[in-house]
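Worksheet: one structure, shown below.
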2 protein chains.
Amino acid sequence: MGTTQLESVPEPKYWHLKTVLTEALDSEFSVGQVLPNERDLAARFGVARATLRQALEQLELEGRLQRRRGVGTTVAPPRMGVAVDSEQYAWPGAPGDAWQPVDCTSAVPSAAVAGLLGIDRDTRVFTVRRSRVTHGQPVAAELLHIPDASVPELSAIDAPSGAARARAVLRELQRLPIEGREQAVELGSAGAEDARELDRLPGSPVLVVTTRFCAEGRTAAVSVATYRADTCRLTFGASGGVEIHHEPGARAS
Amino acid sequence: MGTTQLESVPEPKYWHLKTVLTEALDSEFSVGQVLPNERDLAARFGVARATLRQALEQLELEGRLQRRRGVGTTVAPPRMGVAVDSEQYAWPGAPGDAWQPVDCTSAVPSAAVAGLLGIDRDTRVFTVRRSRVTHGQPVAAELLHIPDASVPELSAIDAPSGAARARAVLRELQRLPIEGREQAVELGSAGAEDARELDRLPGSPVLVVTTRFCAEGRTAAVSVATYRADTCRLTFGASGGVEIHHEPGARAS
DNA sequence: CAGTGGTCTAGACCACTCT
DNA sequence: GAGTGGTCTAGACCACTGT
């Protein structure tokens with residue numbers, strides 16, 4: 001007698017919800033449109049609000065939705081392509097790069113950064129904070145760590161902070177002959193400071209791009225940049241920058 | 001009389017929990033060690049299980065923890081560096097690349113892929129499925145889309161599926177002179193099929209790497225590869241591959 | 001089978017944004 | 001102040017892994 005194994009793999013409700021919502025977004029909504037609020041949506045689908053939220057969270061992760069506290073949930077535009085390696089042989093701060101210096105401090109680096117720089121844990125480095133804005137929207141926040149040895153002319157000069165100071169450090173960096181660099185991309189979550197700068201809540205998913213700049217046979221600087229994962233698609237090796245685009249994430253089951 | 005604005009920004013419990021757990025992981029746990037189960041942990045911290053889970057989810061996102069249903073939560077090893085552009089001027093399937101062909105089918109592409117390939121929505125393409133394994137662990141699943149025009153010798157031959165077929169298509173592709181390629185990285189969530197192949201649950205976060213291969217002035221192939229975001233750090237421009245490493249994600253508040 | 005993480009519920013209150 | 005998303009609770013049951 002066959003126990004026919006009905007529904008051998010019952011699909012979770014939130015997963016099914018996500019599918020339904022994705023189709024609705026594709027066919028019935030346009031970019032910028034606001035969705036009904038979470039309580040109404042949950043009622044409409046006959047699920048608890050927490051379950052509905054689980055679906056919305058994934059859609060936000062995939063860049064389909066944008067949620068803002070006190071405002072509502074809107075349909076997100078397609079992710080923007082952000083060139084990450086357009087200046088293969090240029091220092092940060094070279095003319096025309098997409099970053100804007102914000103501040104500069106001098107302090108001992110974290111153990112991780114010290115390791116990348118190949119210096120002792122208690123050697124001071126310049127830390128330049130920069131931000132990257134595209135289409136009027138903040139897309140990334142960066143901490144650029146530069147050992148004193150890379151900018152010897154500056155090691156003993158005046159006030160070691162402020163945007164002007166940041167520009168001075170970057171200007172000094174240009175004098176070194178750049179030899180190469182390597183990058184890594186991984187998933188992270190925004191810390192409090194980055195979150196504020198990116199206009200997101202702490203813990204939001206970010207793409208962390210770590211870049212090691214090489215000159216004179218050693219590591220001359222290390223950049224740790226956090227990009228908003230919801231709105232950005234990082235491009236590598238593209239000339240123009242905005243060539244690849246397609247819907248990411250969940251492929252049909 | 002001063003309403004002194006105590007706790008002007010009360011930190012969410014799960015955020016504080018995450019901080020505490022992170023410190024505990026750094027100091028008191030070693031890789032592979034299993035944590036107490038979620039109910040016990042929640043009780044120990046005096047929070048609901050859902051709240052504890054919110055903290056664990058973020059730590060898993062950051063690659064600090066690994067959770068497996070029916071087994072438990074363990075301390076994850078540092079993310080492995082995975083070279084994504086080591087073969088800048090080689091086709092997929094060239095000797096020594098890290099991928100293993102699994103299958104090959106012939107079908108019409110999705111609208112997104114058709115757009116990247118610059119072909120009509122109803123033109124059939126070869127779709128080669130490949131998987132990438134590092135240190136005995138699956139790290140990525142790929143769909144490689146190749147228009148018939150890129151492998152003209154094969155367009156009218158026998159059974160269009162199977163791993164042998166996949167190898168034949170890749171072999172044929174090598175004959176084209178490769179001209180360049182561009183890549184993009186974005187966040188996505190694993191579909192059912194990729195999830196199975198990556199040994200994760202559907203919806204798990206993945207890094208989607210889209211690559212456009214150019215030859216003879218057009219797009220000769222498009223690859224969409226999904227990497228496990230929890231275990232992988234994608235490296236670009238590195239010679240060896242395993243040079244950059246540091247703790248990602250949440251920077252101190 | 002016992003124990004684990006995964007899903008789901010029906011509430012409650014809070015922080016924020018707009019009007 | 002009204003309405004939104006964000007956090008949190010205390011339960012329940014399910015799916016999976018091991019023994």
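Following the order of the structure tokens, chains are lettered A, B, ..., residues in each are numbered from 1, and ligands are numbered from 1.
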Using only C-alpha atoms (C1' of nucleotides), find each residue of chain A with at least one atom at most 12 Å away from an atom of chain C; report its shortest atom-to-atom pair and that distance in Å (one decimal), sort the rows by chain and rising residue number, and return the result as JSON lines.
```
{"residue": "A:Pro10", "atom": "CA", "partner": "C:DT7", "partner_atom": "C1'", "distance": 11.3}
{"residue": "A:Glu11", "atom": "CA", "partner": "C:DT7", "partner_atom": "C1'", "distance": 10.5}
{"residue": "A:Pro12", "atom": "CA", "partner": "C:DT7", "partner_atom": "C1'", "distance": 7.1}
{"residue": "A:Lys13", "atom": "CA", "partner": "C:DT7", "partner_atom": "C1'", "distance": 8.3}
{"residue": "A:Tyr14", "atom": "CA", "partner": "C:DT7", "partner_atom": "C1'", "distance": 8.7}
{"residue": "A:Trp15", "atom": "CA", "partner": "C:DT7", "partner_atom": "C1'", "distance": 10.6}
{"residue": "A:Ala42", "atom": "CA", "partner": "C:DT9", "partner_atom": "C1'", "distance": 11.9}
{"residue": "A:Gly46", "atom": "CA", "partner": "C:DT9", "partner_atom": "C1'", "distance": 11.2}
{"residue": "A:Val47", "atom": "CA", "partner": "C:DT9", "partner_atom": "C1'", "distance": 8.3}
{"residue": "A:Ala48", "atom": "CA", "partner": "C:DT9", "partner_atom": "C1'", "distance": 6.1}
{"residue": "A:Arg49", "atom": "CA", "partner": "C:DT9", "partner_atom": "C1'", "distance": 8.9}
{"residue": "A:Ala50", "atom": "CA", "partner": "C:DC8", "partner_atom": "C1'", "distance": 8.1}
{"residue": "A:Thr51", "atom": "CA", "partner": "C:DC8", "partner_atom": "C1'", "distance": 6.8}
{"residue": "A:Leu52", "atom": "CA", "partner": "C:DC8", "partner_atom": "C1'", "distance": 10.4}
{"residue": "A:Arg53", "atom": "CA", "partner": "C:DC8", "partner_atom": "C1'", "distance": 11.8}
{"residue": "A:Gln54", "atom": "CA", "partner": "C:DT7", "partner_atom": "C1'", "distance": 10.2}
{"residue": "A:Arg68", "atom": "CA", "partner": "C:DC16", "partner_atom": "C1'", "distance": 9.1}
{"residue": "A:Arg69", "atom": "CA", "partner": "C:DC16", "partner_atom": "C1'", "distance": 5.9}
{"residue": "A:Gly70", "atom": "CA", "partner": "C:DT17", "partner_atom": "C1'", "distance": 4.6}
{"residue": "A:Val71", "atom": "CA", "partner": "C:DT17", "partner_atom": "C1'", "distance": 6.0}
{"residue": "A:Gly72", "atom": "CA", "partner": "C:DT17", "partner_atom": "C1'", "distance": 9.6}
{"residue": "A:Leu201", "atom": "CA", "partner": "C:DC16", "partner_atom": "C1'", "distance": 11.9}
```
**Study point:** DSSP helix (DSSP H, G or I) residues within segment 80-171 of chain B, listed as a list in words
**Key:**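 DSSP-assigned helix (DSSP H, G or I) residues in segment 80-171 of chain B: Ala111, Ala112, Val113, Ala114, Gly115, Leu116, Leu117, Asp148, Ala149, Ser150, Pro152, Glu153, Leu154, Ala163, Ala164, Arg165, Ala166, Arg167, Ala168, Val169, Leu170 and Arg171 of chain B.
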Point to revise | From A:Ala141, A:Pro92, A:Val209, A:Gly115, residue lying nearest Ala192 of chain A [only C-alpha atoms] | key: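 The answer is A:Ala141, which sits nearest to Ala192 of chain A.
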Review point. Any idea which chain D residues end up within 7 Å of chain B if we count only C-alpha atoms (C1' of nucleotides), as a VMD selection string please?
Key: chain D and resid 8 to 9 16 to 17
Go ahead and save the residues from that selection, with C-alpha atoms (C1' of nucleotides), as a PDB file, in the first residue's frame.
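This went into part18.pdb:
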```pdb
ATOM      1  C1'  DC D   8      11.135  41.374  21.135  1.00  0.00           C
ATOM      2  C1'  DT D   9       8.489  37.700  23.465  1.00  0.00           C
ATOM      3  C1'  DC D  16      16.768  16.938   9.832  1.00  0.00           C
ATOM      4  C1'  DT D  17      20.840  14.480  11.988  1.00  0.00           C
TER       5       DT D  17
END
```
Residues within 9 Å of Trp91 of chain B, only C-alpha atoms (C1' of nucleotides), excluding chain neighbours under 6 positions, as a CSV table (one decimal) with C-alpha atoms, in the first residue's frame:
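Result file selection_0.csv:
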```
chain,number,residue,atom,x,y,z
B,170,LEU,CA,34.4,23.7,-23.5
B,173,LEU,CA,35.4,27.0,-27.1
B,174,GLN,CA,39.2,27.0,-26.7
B,176,LEU,CA,38.3,30.9,-30.4
B,178,ILE,CA,39.8,35.3,-26.5
B,213,PHE,CA,33.7,36.6,-22.3
```
Point to revise | Closest of A:Ala164, A:Leu61, A:Ala221, A:Leu56 to chain B - atom-to-atom distances counting only C-alpha atoms | key: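 Among the listed residues, A:Leu61 lies closest to chain B.
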**Study point:** Atomic distance atom CA of Ala90 of chain A - atom CA of Glu179 of chain A, expressed in Å with one decimal
**Key:**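 Taking atom CA of Ala90 of chain A and atom CA of Glu179 of chain A, their separation equals 9.3 Å.
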Practice item. Record the distance separating atom CA of Gly188 of chain B and atom CA of Trp99 of chain A, expressed in Å with one decimal. Key: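 Between atom CA of Gly188 of chain B and atom CA of Trp99 of chain A the gap works out to 25.9 Å.
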Practice item. Write out as a PyMOL selection string all residues of segment 3-101 of chain B that DSSP puts in strand (DSSP E or B) for this structure's backbone. Key: chain B and resi 34+65-68+72-75+80-83+99-101
Exercise for review: Quick one: everything within 8 Å of Cys104 of chain B, counting only C-alpha atoms (C1' of nucleotides), minus sequence neighbours fewer than 3 positions away in the same chain. Send it as a list in words.
Suggested key: Phe126, Thr127, Val128, Arg129, Pro160, Ser161, Gly162, Ala163, Arg165 and Ala166 of chain B
